[in-house]
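Quick look at query_15.csv (CSV, C-alpha atoms):
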```csv
chain,number,residue,atom,x,y,z
X,1,MET,CA,-27.3,53.9,-87.1
X,2,HIS,CA,-23.6,52.9,-86.5
X,3,HIS,CA,-22.0,50.9,-89.3
X,4,ARG,CA,-19.2,48.6,-88.2
X,5,SER,CA,-15.9,49.1,-90.0
X,6,GLN,CA,-15.3,46.4,-92.6
X,7,ARG,CA,-11.6,47.1,-92.2
X,8,ILE,CA,-11.8,46.1,-88.5
X,9,ARG,CA,-13.8,43.1,-89.3
X,10,VAL,CA,-11.5,41.7,-92.0
X,11,ALA,CA,-8.4,42.6,-90.1
X,12,LEU,CA,-9.6,40.9,-86.9
X,13,LEU,CA,-10.5,37.8,-88.7
X,14,ALA,CA,-7.2,37.8,-90.6
X,15,THR,CA,-5.1,38.0,-87.5
X,16,GLY,CA,-7.1,35.2,-85.9
X,17,CYS,CA,-7.7,37.3,-82.8
X,18,LEU,CA,-11.4,36.4,-82.9
X,19,SER,CA,-10.8,32.7,-83.1
X,20,LEU,CA,-10.5,32.9,-79.4
X,21,CYS,CA,-10.2,29.5,-77.8
X,22,ALA,CA,-9.8,31.1,-74.4
X,23,CYS,CA,-11.3,29.6,-71.3
X,24,ALA,CA,-12.3,32.7,-69.3
X,25,SER,CA,-12.6,30.7,-66.1
X,26,SER,CA,-9.0,29.6,-66.1
X,27,GLY,CA,-7.4,32.6,-67.8
X,28,SER,CA,-5.5,30.2,-70.1
X,29,ALA,CA,-6.2,32.0,-73.3
X,30,PRO,CA,-3.3,32.6,-75.7
X,31,THR,CA,-1.8,36.0,-75.4
X,32,ALA,CA,-2.1,38.5,-78.2
X,33,THR,CA,0.8,38.8,-80.6
X,34,GLY,CA,2.4,41.9,-82.0
X,35,ALA,CA,1.6,44.0,-79.0
X,36,GLY,CA,4.7,46.1,-78.7
X,37,PHE,CA,3.4,48.6,-76.2
X,38,SER,CA,3.6,48.9,-72.4
X,39,GLY,CA,2.3,50.8,-69.4
X,40,THR,CA,-1.3,51.2,-70.6
X,41,THR,CA,-4.3,51.1,-68.2
X,42,VAL,CA,-7.7,50.2,-69.4
X,43,VAL,CA,-10.7,50.7,-67.2
X,44,ILE,CA,-13.7,48.4,-67.2
X,45,GLY,CA,-16.7,50.1,-65.6
X,46,VAL,CA,-19.3,48.3,-63.5
X,47,ASP,CA,-22.8,49.7,-63.0
X,48,ALA,CA,-25.1,47.8,-60.6
X,49,PRO,CA,-27.1,48.3,-57.4
X,50,LEU,CA,-24.5,48.2,-54.7
X,51,THR,CA,-26.8,49.5,-52.0
X,52,GLY,CA,-30.5,49.1,-51.5
X,53,SER,CA,-32.7,46.1,-51.7
X,54,LEU,CA,-31.0,44.5,-54.7
X,55,ALA,CA,-27.5,45.0,-53.4
X,56,SER,CA,-26.9,41.2,-53.0
X,57,LEU,CA,-27.3,40.8,-56.7
X,58,GLY,CA,-25.3,43.9,-57.6
X,59,LYS,CA,-22.3,43.0,-55.4
X,60,GLY,CA,-22.1,39.6,-57.0
X,61,ILE,CA,-21.8,41.3,-60.3
X,62,ALA,CA,-19.2,43.8,-59.1
X,63,ASN,CA,-17.1,41.2,-57.4
X,64,SER,CA,-17.1,38.9,-60.4
X,65,VAL,CA,-15.9,41.7,-62.7
X,66,ASP,CA,-13.2,42.4,-60.1
X,67,LEU,CA,-12.1,38.7,-60.3
X,68,ALA,CA,-12.0,38.7,-64.1
X,69,VAL,CA,-9.8,41.7,-64.1
X,70,LYS,CA,-7.5,40.2,-61.5
X,71,VAL,CA,-7.2,37.0,-63.6
X,72,ALA,CA,-6.5,39.0,-66.8
X,73,ASN,CA,-3.8,41.0,-65.1
X,74,ARG,CA,-2.2,38.0,-63.4
X,75,THR,CA,-2.0,36.0,-66.6
X,76,HIS,CA,-1.0,39.0,-68.7
X,77,GLU,CA,-4.0,38.4,-71.0
X,78,VAL,CA,-3.2,41.5,-73.0
X,79,PRO,CA,0.6,42.1,-72.8
X,80,GLY,CA,1.4,45.7,-71.9
X,81,ILE,CA,-2.1,46.5,-70.7
X,82,THR,CA,-3.2,46.6,-67.0
X,83,PHE,CA,-7.0,46.4,-66.5
X,84,ARG,CA,-8.7,48.3,-63.6
X,85,VAL,CA,-12.3,48.3,-62.4
X,86,GLU,CA,-14.3,51.4,-61.7
X,87,THR,CA,-17.7,50.8,-60.0
X,88,ARG,CA,-20.8,52.9,-59.9
X,89,ASP,CA,-23.9,52.3,-57.7
X,90,ASP,CA,-27.2,52.8,-59.5
X,91,GLN,CA,-29.4,51.7,-56.6
X,92,ALA,CA,-31.6,50.1,-59.2
X,93,GLN,CA,-32.7,53.7,-60.1
X,94,PRO,CA,-32.8,54.7,-63.8
X,95,SER,CA,-31.8,58.3,-63.1
X,96,LEU,CA,-28.7,57.2,-61.3
X,97,GLY,CA,-27.9,54.8,-64.1
X,98,ALA,CA,-28.1,57.7,-66.6
X,99,SER,CA,-25.7,59.8,-64.5
X,100,ASN,CA,-23.3,56.9,-64.2
X,101,ALA,CA,-23.3,56.3,-67.9
X,102,ALA,CA,-22.3,59.9,-68.5
X,103,SER,CA,-19.6,59.6,-65.9
X,104,PHE,CA,-18.1,56.5,-67.6
X,105,VAL,CA,-18.2,58.1,-71.1
X,106,ALA,CA,-16.4,61.2,-69.7
X,107,ASP,CA,-13.4,59.0,-68.7
X,108,PRO,CA,-11.4,58.2,-71.8
X,109,THR,CA,-9.7,55.2,-70.1
X,110,VAL,CA,-13.0,53.3,-69.9
X,111,LEU,CA,-13.3,51.0,-72.9
X,112,GLY,CA,-16.2,48.9,-71.7
X,113,VAL,CA,-18.9,48.8,-69.0
X,114,VAL,CA,-20.5,45.7,-67.4
X,115,GLY,CA,-24.1,46.2,-66.3
X,116,PRO,CA,-26.6,47.2,-65.3
X,117,LEU,CA,-28.8,44.7,-63.5
X,118,ASN,CA,-32.2,46.2,-64.2
X,119,SER,CA,-33.6,46.5,-67.7
X,120,GLY,CA,-35.3,49.8,-66.8
X,121,VAL,CA,-31.9,51.2,-65.8
X,122,ALA,CA,-30.4,50.0,-69.0
X,123,GLN,CA,-33.0,51.8,-71.0
X,124,THR,CA,-31.7,55.2,-69.7
X,125,MET,CA,-28.0,54.3,-70.4
X,126,GLN,CA,-28.0,52.8,-73.8
X,127,LYS,CA,-28.1,56.0,-76.0
X,128,THR,CA,-25.3,57.6,-73.9
X,129,PHE,CA,-23.0,54.6,-74.4
X,130,ASP,CA,-24.0,54.2,-78.1
X,131,ASP,CA,-23.3,57.8,-79.0
X,132,ALA,CA,-19.8,57.4,-77.5
X,133,HIS,CA,-19.3,53.9,-79.0
X,134,LEU,CA,-18.6,52.7,-75.4
X,135,THR,CA,-19.3,49.0,-75.2
X,136,GLU,CA,-21.9,47.9,-72.6
X,137,VAL,CA,-22.3,44.2,-71.7
X,138,SER,CA,-25.1,43.4,-69.3
X,139,PRO,CA,-25.0,40.1,-67.4
X,140,ALA,CA,-28.6,40.4,-66.3
X,141,ASN,CA,-30.9,42.5,-68.6
X,142,THR,CA,-33.7,40.3,-70.0
X,143,ASN,CA,-36.2,42.7,-71.7
X,144,PRO,CA,-36.0,41.9,-75.5
X,145,ALA,CA,-36.7,45.5,-76.6
X,146,LEU,CA,-33.3,46.6,-75.3
X,147,SER,CA,-31.6,44.8,-78.2
X,148,GLN,CA,-34.4,44.0,-80.7
X,149,GLY,CA,-36.4,47.3,-80.6
X,150,PRO,CA,-39.9,48.1,-79.4
X,151,ASN,CA,-41.6,46.1,-82.1
X,152,TRP,CA,-39.8,42.8,-81.6
X,153,ALA,CA,-42.9,40.9,-80.5
X,154,ASN,CA,-44.5,41.6,-83.9
X,155,GLY,CA,-41.5,40.2,-85.7
X,156,LEU,CA,-40.1,43.6,-86.6
X,157,LYS,CA,-36.7,43.3,-85.0
X,158,GLU,CA,-34.3,46.2,-85.4
X,159,ARG,CA,-31.2,46.7,-83.2
X,160,PRO,CA,-31.4,50.2,-81.7
X,161,TYR,CA,-28.0,50.4,-80.2
X,162,HIS,CA,-24.9,48.7,-81.5
X,163,ALA,CA,-22.8,49.3,-78.3
X,164,TYR,CA,-25.2,47.2,-76.3
X,165,PHE,CA,-24.6,43.5,-75.6
X,166,ARG,CA,-25.7,41.0,-73.0
X,167,THR,CA,-24.6,37.6,-71.8
X,168,SER,CA,-28.0,36.6,-70.4
X,169,THR,CA,-30.8,35.3,-72.5
X,170,THR,CA,-34.0,37.4,-72.9
X,171,ASP,CA,-37.6,37.2,-71.7
X,172,ALA,CA,-38.6,36.2,-75.2
X,173,VAL,CA,-37.2,32.8,-74.1
X,174,GLN,CA,-37.6,33.0,-70.3
X,175,GLY,CA,-41.3,33.8,-70.2
X,176,PRO,CA,-42.3,31.0,-72.6
X,177,PHE,CA,-40.0,28.5,-70.8
X,178,ALA,CA,-41.8,29.1,-67.5
X,179,ALA,CA,-45.2,28.9,-69.2
X,180,GLN,CA,-44.4,25.6,-70.8
X,181,TYR,CA,-43.2,24.2,-67.5
X,182,ALA,CA,-46.2,25.5,-65.6
X,183,ALA,CA,-48.6,23.9,-68.1
X,184,GLU,CA,-46.9,20.7,-69.1
X,185,VAL,CA,-45.0,19.7,-66.0
X,186,LEU,CA,-46.9,21.3,-63.1
X,187,GLY,CA,-50.3,20.8,-64.9
X,188,LYS,CA,-51.4,24.4,-64.1
X,189,SER,CA,-54.3,25.8,-66.0
X,190,LYS,CA,-55.4,29.0,-64.2
X,191,ALA,CA,-52.9,31.9,-63.8
X,192,PHE,CA,-53.2,35.1,-61.9
X,193,LEU,CA,-50.6,37.5,-63.3
X,194,VAL,CA,-48.9,40.2,-61.2
X,195,ASN,CA,-46.2,42.6,-62.3
X,196,ASP,CA,-44.4,45.5,-60.6
X,197,GLU,CA,-44.9,48.0,-63.5
X,198,THR,CA,-41.2,48.0,-64.4
X,199,LEU,CA,-39.9,47.4,-67.9
X,200,TYR,CA,-38.6,44.0,-66.7
X,201,GLY,CA,-41.7,42.9,-64.8
X,202,SER,CA,-44.3,43.9,-67.3
X,203,GLY,CA,-42.3,42.5,-70.2
X,204,LEU,CA,-41.7,39.2,-68.5
X,205,VAL,CA,-45.4,38.7,-67.7
X,206,ALA,CA,-46.4,39.5,-71.3
X,207,THR,CA,-44.1,36.8,-72.8
X,208,PHE,CA,-45.3,34.3,-70.2
X,209,GLN,CA,-49.0,35.1,-70.8
X,210,SER,CA,-48.7,34.6,-74.6
X,211,GLN,CA,-47.2,31.2,-74.3
X,212,PHE,CA,-49.5,30.1,-71.4
X,213,LEU,CA,-52.6,30.9,-73.4
X,214,HIS,CA,-51.0,29.0,-76.4
X,215,HIS,CA,-50.9,26.0,-74.1
X,216,GLY,CA,-54.6,26.2,-73.3
X,217,GLY,CA,-54.2,28.0,-70.0
X,218,ALA,CA,-56.5,30.7,-68.8
X,219,VAL,CA,-55.6,34.1,-67.1
X,220,VAL,CA,-58.2,34.5,-64.3
X,221,GLY,CA,-56.9,37.8,-63.0
X,222,GLN,CA,-54.2,40.5,-63.5
X,223,LYS,CA,-52.8,43.1,-61.2
X,224,GLN,CA,-50.0,45.7,-61.2
X,225,ILE,CA,-48.4,46.7,-58.0
X,226,THR,CA,-46.0,49.5,-57.1
X,227,SER,CA,-42.6,48.3,-56.0
X,228,GLY,CA,-42.2,48.7,-52.3
X,229,THR,CA,-45.8,47.9,-51.5
X,230,LYS,CA,-46.2,47.1,-47.8
X,231,THR,CA,-49.6,45.4,-47.8
X,232,PHE,CA,-51.1,43.0,-50.2
X,233,ALA,CA,-54.5,42.5,-48.6
X,234,ASP,CA,-56.5,43.6,-51.6
X,235,LEU,CA,-54.4,41.7,-54.1
X,236,VAL,CA,-54.6,38.5,-51.9
X,237,ALA,CA,-58.4,38.8,-51.8
X,238,GLU,CA,-58.5,39.1,-55.6
X,239,VAL,CA,-56.3,36.1,-56.1
X,240,LYS,CA,-58.4,34.1,-53.6
X,241,ALA,CA,-61.6,35.0,-55.4
X,242,SER,CA,-60.2,34.1,-58.8
X,243,HIS,CA,-59.6,30.4,-57.9
X,244,ALA,CA,-56.2,30.6,-59.7
X,245,ASP,CA,-53.9,27.6,-59.2
X,246,PHE,CA,-50.8,29.7,-59.2
X,247,VAL,CA,-49.5,33.3,-59.3
X,248,TYR,CA,-47.0,34.3,-62.0
X,249,TYR,CA,-45.0,37.3,-60.8
X,250,GLY,CA,-43.0,39.7,-62.9
X,251,GLY,CA,-40.7,41.7,-60.7
X,252,VAL,CA,-38.0,41.2,-58.1
X,253,TYR,CA,-37.7,39.5,-54.7
X,254,PRO,CA,-38.2,42.4,-52.3
X,255,ASP,CA,-41.8,42.5,-53.3
X,256,ALA,CA,-42.3,38.9,-54.4
X,257,GLY,CA,-41.2,37.3,-51.1
X,258,PRO,CA,-43.7,39.2,-48.9
X,259,LEU,CA,-46.4,38.6,-51.5
X,260,SER,CA,-45.8,34.8,-51.3
X,261,ALA,CA,-46.0,35.0,-47.5
X,262,ALA,CA,-49.2,37.0,-47.5
X,263,LEU,CA,-50.9,34.6,-49.9
X,264,LYS,CA,-50.2,31.5,-47.8
X,265,GLN,CA,-51.0,33.3,-44.5
X,266,ALA,CA,-54.4,34.1,-46.0
X,267,GLY,CA,-55.0,30.4,-46.9
X,268,VAL,CA,-54.2,30.8,-50.6
X,269,ARG,CA,-51.9,27.8,-50.7
X,270,ILE,CA,-50.8,28.0,-54.4
X,271,PRO,CA,-47.3,28.4,-55.7
X,272,LEU,CA,-45.8,31.7,-56.8
X,273,ILE,CA,-43.8,31.4,-59.9
X,274,GLY,CA,-41.4,34.1,-61.1
X,275,GLY,CA,-38.4,34.9,-63.2
X,276,ASP,CA,-34.8,35.5,-62.5
X,277,GLY,CA,-35.7,38.7,-60.5
X,278,ILE,CA,-36.8,36.5,-57.6
X,279,PHE,CA,-34.1,33.9,-57.8
X,280,ASP,CA,-32.1,34.8,-54.7
X,281,PRO,CA,-31.8,33.5,-51.2
X,282,ALA,CA,-33.2,36.8,-50.0
X,283,TYR,CA,-36.6,35.7,-51.5
X,284,ILE,CA,-36.7,32.8,-49.2
X,285,GLN,CA,-35.6,34.9,-46.3
X,286,LEU,CA,-38.5,37.3,-47.0
X,287,ALA,CA,-41.1,34.7,-47.6
X,288,GLY,CA,-39.9,32.4,-44.8
X,289,GLN,CA,-41.5,28.9,-44.7
X,290,HIS,CA,-44.1,30.1,-47.1
X,291,ALA,CA,-41.6,30.1,-49.9
X,292,GLU,CA,-41.6,26.3,-49.9
X,293,GLY,CA,-42.9,25.0,-53.2
X,294,ASP,CA,-42.5,28.3,-55.1
X,295,PHE,CA,-40.7,28.4,-58.4
X,296,ALA,CA,-38.3,30.7,-60.3
X,297,THR,CA,-36.5,30.6,-63.6
X,298,CYS,CA,-33.0,31.9,-64.0
X,299,VAL,CA,-30.7,32.4,-66.9
X,300,GLY,CA,-28.3,29.5,-67.7
X,301,ALA,CA,-27.5,26.3,-65.9
X,302,PRO,CA,-26.5,26.3,-62.3
X,303,VAL,CA,-23.0,27.8,-62.3
X,304,ALA,CA,-21.8,25.6,-59.4
X,305,ALA,CA,-22.6,22.5,-61.5
X,306,LEU,CA,-20.8,23.6,-64.6
X,307,ALA,CA,-17.4,22.1,-65.4
X,308,SER,CA,-16.6,25.4,-67.1
X,309,ALA,CA,-17.1,27.3,-63.9
X,310,LYS,CA,-15.0,25.2,-61.5
X,311,THR,CA,-12.0,27.5,-61.6
X,312,TYR,CA,-14.2,30.6,-61.3
X,313,VAL,CA,-16.1,29.2,-58.3
X,314,ALA,CA,-12.8,28.2,-56.6
X,315,ASP,CA,-11.2,31.6,-57.4
X,316,TYR,CA,-14.2,33.5,-56.1
X,317,GLN,CA,-14.3,31.6,-52.9
X,318,ALA,CA,-10.6,32.2,-52.4
X,319,GLY,CA,-10.9,35.8,-53.3
X,320,GLY,CA,-12.2,36.9,-49.9
X,321,TYR,CA,-15.4,38.4,-51.3
X,322,GLN,CA,-17.9,38.8,-48.5
X,323,GLU,CA,-21.0,38.4,-50.8
X,324,PRO,CA,-21.9,35.4,-52.9
X,325,TYR,CA,-21.6,35.6,-56.6
X,326,ALA,CA,-25.4,35.2,-56.7
X,327,ALA,CA,-27.5,34.7,-59.8
X,328,TYR,CA,-25.4,36.8,-62.2
X,329,GLY,CA,-21.8,36.4,-61.0
X,330,GLY,CA,-20.8,34.0,-63.7
X,331,TYR,CA,-22.4,36.1,-66.4
X,332,ALA,CA,-20.7,39.2,-65.1
X,333,TYR,CA,-17.4,37.5,-65.3
X,334,ASP,CA,-18.1,36.5,-68.9
X,335,SER,CA,-19.3,40.0,-69.7
X,336,ALA,CA,-16.0,41.5,-68.4
X,337,TRP,CA,-14.1,38.8,-70.3
X,338,ALA,CA,-15.9,39.8,-73.5
X,339,VAL,CA,-14.6,43.3,-73.1
X,340,ILE,CA,-11.1,41.9,-72.3
X,341,GLU,CA,-11.2,39.8,-75.5
X,342,GLY,CA,-12.3,42.8,-77.5
X,343,VAL,CA,-9.4,44.9,-76.1
X,344,LYS,CA,-7.0,42.0,-76.8
X,345,ALA,CA,-8.1,41.7,-80.4
X,346,ILE,CA,-7.7,45.4,-81.3
X,347,ALA,CA,-4.4,45.6,-79.4
X,348,ALA,CA,-3.0,42.8,-81.5
X,349,MET,CA,-4.3,44.3,-84.7
X,350,ASN,CA,-2.9,47.8,-83.9
X,351,SER,CA,0.3,46.9,-81.9
X,352,GLY,CA,-1.2,49.0,-79.2
X,353,LEU,CA,-4.4,50.9,-78.5
X,354,PRO,CA,-5.5,53.2,-81.4
X,355,SER,CA,-7.1,56.6,-81.0
X,356,ASP,CA,-10.5,55.2,-81.9
X,357,ALA,CA,-10.2,52.3,-79.4
X,358,ARG,CA,-13.8,52.5,-78.3
X,359,GLN,CA,-15.2,52.1,-81.8
X,360,GLN,CA,-12.8,49.2,-82.5
X,361,VAL,CA,-13.7,47.5,-79.2
X,362,GLU,CA,-17.4,47.8,-80.0
X,363,ALA,CA,-16.8,46.1,-83.4
X,364,ALA,CA,-14.5,43.4,-81.9
X,365,VAL,CA,-16.9,42.4,-79.1
X,366,SER,CA,-19.6,41.7,-81.7
X,367,TRP,CA,-17.4,39.0,-83.1
X,368,VAL,CA,-15.8,37.5,-80.0
X,369,SER,CA,-16.3,33.8,-79.3
X,370,PHE,CA,-14.8,32.1,-76.3
X,371,ALA,CA,-15.4,29.4,-73.7
X,372,GLY,CA,-16.7,31.2,-70.7
X,373,VAL,CA,-17.6,30.4,-67.2
X,374,THR,CA,-21.3,30.0,-68.2
X,375,GLY,CA,-20.5,28.1,-71.4
X,376,PRO,CA,-19.8,29.2,-74.9
X,377,VAL,CA,-20.0,33.0,-75.2
X,378,SER,CA,-20.8,34.9,-78.4
X,379,PHE,CA,-23.4,37.4,-79.6
X,380,ASP,CA,-25.9,37.4,-82.4
X,381,ALA,CA,-26.8,40.2,-84.8
X,382,TYR,CA,-28.7,42.0,-82.1
X,383,GLY,CA,-26.0,41.8,-79.4
X,384,ASP,CA,-27.9,39.0,-77.6
X,385,ALA,CA,-26.3,36.0,-76.1
X,386,THR,CA,-26.4,33.0,-78.4
X,387,ASN,CA,-26.6,30.8,-75.3
X,388,GLU,CA,-30.3,30.6,-74.4
X,389,GLU,CA,-30.2,28.0,-71.7
X,390,LEU,CA,-32.4,28.5,-68.6
X,391,THR,CA,-33.1,26.6,-65.4
X,392,MET,CA,-36.3,26.2,-63.4
X,393,TYR,CA,-35.7,26.1,-59.6
X,394,THR,CA,-38.0,25.4,-56.7
X,395,VAL,CA,-37.8,26.1,-53.0
X,396,LYS,CA,-37.2,22.8,-51.2
X,397,HIS,CA,-36.3,22.5,-47.5
X,398,GLY,CA,-35.5,26.3,-47.4
X,399,ALA,CA,-33.2,26.5,-50.4
X,400,TRP,CA,-33.4,26.9,-54.2
X,401,VAL,CA,-33.0,23.5,-56.0
X,402,ALA,CA,-32.7,23.1,-59.7
X,403,VAL,CA,-35.4,20.9,-61.3
X,404,LYS,CA,-34.9,21.4,-65.0
X,405,SER,CA,-32.4,23.0,-67.3
X,406,GLY,CA,-32.9,23.6,-71.0
X,407,THR,CA,-34.3,26.2,-73.4
X,408,PHE,CA,-37.7,27.0,-74.8
X,409,ILE,CA,-38.6,25.1,-77.9
X,410,GLY,CA,-41.9,26.3,-79.3
```
Final structure tokens representation of the file:
Amino acid sequence: MHHRSQRIRVALLATGCLSLCACASSGSAPTATGAGFSGTTVVIGVDAPLTGSLASLGKGIANSVDLAVKVANRTHEVPGITFRVETRDDQAQPSLGASNAASFVADPTVLGVVGPLNSGVAQTMQKTFDDAHLTEVSPANTNPALSQGPNWANGLKERPYHAYFRTSTTDAVQGPFAAQYAAEVLGKSKAFLVNDETLYGSGLVATFQSQFLHHGGAVVGQKQITSGTKTFADLVAEVKASHADFVYYGGVYPDAGPLSAALKQAGVRIPLIGGDGIFDPAYIQLAGQHAEGDFATCVGAPVAALASAKTYVADYQAGGYQEPYAAYGGYAYDSAWAVIEGVKAIAAMNSGLPSDARQQVEAAVSWVSFAGVTGPVSFDAYGDATNEELTMYTVKHGAWVAVKSGTFIG
């Protein structure tokens, strides 16, 4: 277990560097004082699926980190330091994520990494980053075990890796939020549960199921599918025979979209409800008209509607990025900014970057607190985001429309 340096903690608080009233979306944070150094380059790595079926989400992450770095450099957020982005494509594959983590660790100029998208990929990267004290901030991972340990559901929470942080809330909140909405707002009572066997999909379904049963709902069927399944005939037959009034899906849109279409085409006209993994325009493209009336939760409030995100949205649109910022762009920006704030804090404290910069950034990020694109950004004792807001969306007239924002209150 890594113990944070009390010297770092006290010094950072004493200098006031962690009383960061910065607004990450505008880059208007006060510059660090006492930084009498120059010509230093700090790399922020990005790991995300930049090719493959989830590339639309990954590119939104990579572009948003790029934007954060450009803002930091333009505003001289850390005097004397120039930030640079280095991206790695994990194709949503755990083995590639592990290789990318080793590559980032081997480069001493990398002081933080934003990513990955997938919880299963993160699982293969965490120890490598933690052993090197290289700070990792994910904008999208939602499986609680990544930060709270494998026994978190039993109340035995223990942080396994102190270099790991995330700006998105977890499935410990997302699953119950969806279950509560399905039972109380939609009046659903019979669920058919499907997951794609990934750490994310199976974990999300488990948290949903527990809360749905608590609300008096019944699980009338369960099924695991392999990601990339081409035909859903057997699954559709099971759902139809179960008389479920909705399907809850744990997984991502490349499978969920075709499943929704297959259900409706077979006459099973019930909604598919899923998590943030299906919240993307690509889901609607894959399901076509059959997506109408389906639901998805996603972390946070709609970014475009947030006053705190106006500058980010405008800058992103003006930045010439070909891809939309998508579901996690705002969280990726805030993840990058958390690293930037950590670097700013230690640079001010040391009048430059110390030889143990990675260890000091890791300690500093655990204490950063700033006004981000997605709202207030800070981390709890497990490295989880203190902002637990979620939004339920539905497909209406061929587009995702927000219907409720809030958090789960048990």
I'd like the contact shell of X:Val247 - 10 Å cut-off, all atoms listed in the file, skipping same-chain residues fewer than 4 positions apart - returned as a PDB file with C-alpha atoms, in the frame of the given file.
```pdb
ATOM      1  CA  LYS X 190     -55.400  29.000 -64.200  1.00  0.00           C
ATOM      2  CA  ALA X 191     -52.900  31.900 -63.800  1.00  0.00           C
ATOM      3  CA  PHE X 192     -53.200  35.100 -61.900  1.00  0.00           C
ATOM      4  CA  LEU X 193     -50.600  37.500 -63.300  1.00  0.00           C
ATOM      5  CA  VAL X 194     -48.900  40.200 -61.200  1.00  0.00           C
ATOM      6  CA  VAL X 219     -55.600  34.100 -67.100  1.00  0.00           C
ATOM      7  CA  GLY X 221     -56.900  37.800 -63.000  1.00  0.00           C
ATOM      8  CA  GLN X 222     -54.200  40.500 -63.500  1.00  0.00           C
ATOM      9  CA  VAL X 239     -56.300  36.100 -56.100  1.00  0.00           C
ATOM     10  CA  LEU X 259     -46.400  38.600 -51.500  1.00  0.00           C
ATOM     11  CA  SER X 260     -45.800  34.800 -51.300  1.00  0.00           C
ATOM     12  CA  LEU X 263     -50.900  34.600 -49.900  1.00  0.00           C
ATOM     13  CA  ILE X 270     -50.800  28.000 -54.400  1.00  0.00           C
ATOM     14  CA  PRO X 271     -47.300  28.400 -55.700  1.00  0.00           C
ATOM     15  CA  LEU X 272     -45.800  31.700 -56.800  1.00  0.00           C
ATOM     16  CA  ILE X 273     -43.800  31.400 -59.900  1.00  0.00           C
ATOM     17  CA  GLY X 274     -41.400  34.100 -61.100  1.00  0.00           C
ATOM     18  CA  ASP X 294     -42.500  28.300 -55.100  1.00  0.00           C
TER      19      ASP X 294
END
```
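Nearest to X:Ser64 of all the residues X:Ser351, X:Gln317, X:Thr124, X:Thr391 is X:Gln317, based on all atoms listed in the file.
Closest approach to X:Gly52 from the set X:Ala102, X:Ala72, X:Ala347, X:Ala92 is made by X:Ala92, with distances taken over only C-alpha atoms.
With atom CA of X:Ala153 on one side and atom CA of X:Glu388 on the other, the separation reads 17.4 Å.
Among the candidates X:Ala145, X:Ala163, X:Ala206, X:Ala327, the residue lying nearest to X:His133 is X:Ala163 (atoms considered: only C-alpha atoms).
Every protein, DNA or RNA residue with an atom at most 8 Å from X:Lys188, where only C-alpha atoms count and chain neighbours fewer than 5 positions away do not, is listed here: Ala182, Ala183, Gly217, Asp245 and Phe246 of chain X.
If all atoms listed in the file are the atoms counted, then among X:Asp47, X:Glu362, X:Asp90, X:Asp196 the closest residue to X:Ile340 is X:Glu362.
For the pair atom CA of X:Thr51 and atom CA of X:Val113, the interatomic distance is 18.8 Å.
Atom CA of X:Gly45 lies 4.8 Å from atom CA of X:Glu86.
Of the listed residues X:Gly216, X:Gly319, X:Gly112, X:Gly277, the one whose atoms come nearest to X:Gly187 is X:Gly216, with distances taken using only C-alpha atoms.
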### Query
X:Gly300, X:Gly375, X:Gly267, X:Gly330: which is nearest X:Asn63, counting all atoms listed in the file?
X:Gly330
### Query
Leaving out X:Val236 and any residue of its chain fewer than 6 positions from it, which residues lie within 8 Å of it when counting all atoms listed in the file, given as a PyMOL selection string?
chain X and resi 262-263+266+268
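A search radius of 9 Å centred on (-33.9, 26.2, -47.0), applied to all atoms listed in the file, returns the residues Pro281, Ile284, Gln285, Gly288, Gln289, Glu292, Val395, Lys396, His397, Gly398, Ala399 and Trp400 of chain X.
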So that I have them on file, write out the residues from the current selection with C-alpha atoms, as a short mmCIF file (atom, residue, chain, number, x, y, z; two decimals), keeping the file's coordinate frame.
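Dumped to out-v8.cif:
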```
data_model
loop_
_atom_site.label_atom_id
_atom_site.label_comp_id
_atom_site.auth_asym_id
_atom_site.auth_seq_id
_atom_site.Cartn_x
_atom_site.Cartn_y
_atom_site.Cartn_z
CA PRO X 281 -31.80 33.50 -51.20
CA ILE X 284 -36.70 32.80 -49.20
CA GLN X 285 -35.60 34.90 -46.30
CA GLY X 288 -39.90 32.40 -44.80
CA GLN X 289 -41.50 28.90 -44.70
CA GLU X 292 -41.60 26.30 -49.90
CA VAL X 395 -37.80 26.10 -53.00
CA LYS X 396 -37.20 22.80 -51.20
CA HIS X 397 -36.30 22.50 -47.50
CA GLY X 398 -35.50 26.30 -47.40
CA ALA X 399 -33.20 26.50 -50.40
CA TRP X 400 -33.40 26.90 -54.20
#
```
Show which residues sit within 9 Å of X:Ser227, as a short mmCIF file (atom, residue, chain, number, x, y, z; two decimals) with C-alpha atoms, keeping the file's coordinate frame. Count only C-alpha atoms, and ignore same-chain residues fewer than 4 positions away.
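Contents of the output file result.cif:
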```cif
data_model
loop_
_atom_site.label_atom_id
_atom_site.label_comp_id
_atom_site.auth_asym_id
_atom_site.auth_seq_id
_atom_site.Cartn_x
_atom_site.Cartn_y
_atom_site.Cartn_z
CA ASP X 196 -44.40 45.50 -60.60
CA GLU X 197 -44.90 48.00 -63.50
CA THR X 198 -41.20 48.00 -64.40
CA GLY X 251 -40.70 41.70 -60.70
CA VAL X 252 -38.00 41.20 -58.10
CA PRO X 254 -38.20 42.40 -52.30
CA ASP X 255 -41.80 42.50 -53.30
#
```
#### Entry: X:Ala336 environment, 10 Å, all atoms listed in the file, sequence neighbours closer than 2 positions dropped, as a PyMOL selection string
chain X and resi 24+44-46+61+64-69+72+85+112-115+136-139+331-334+338-342
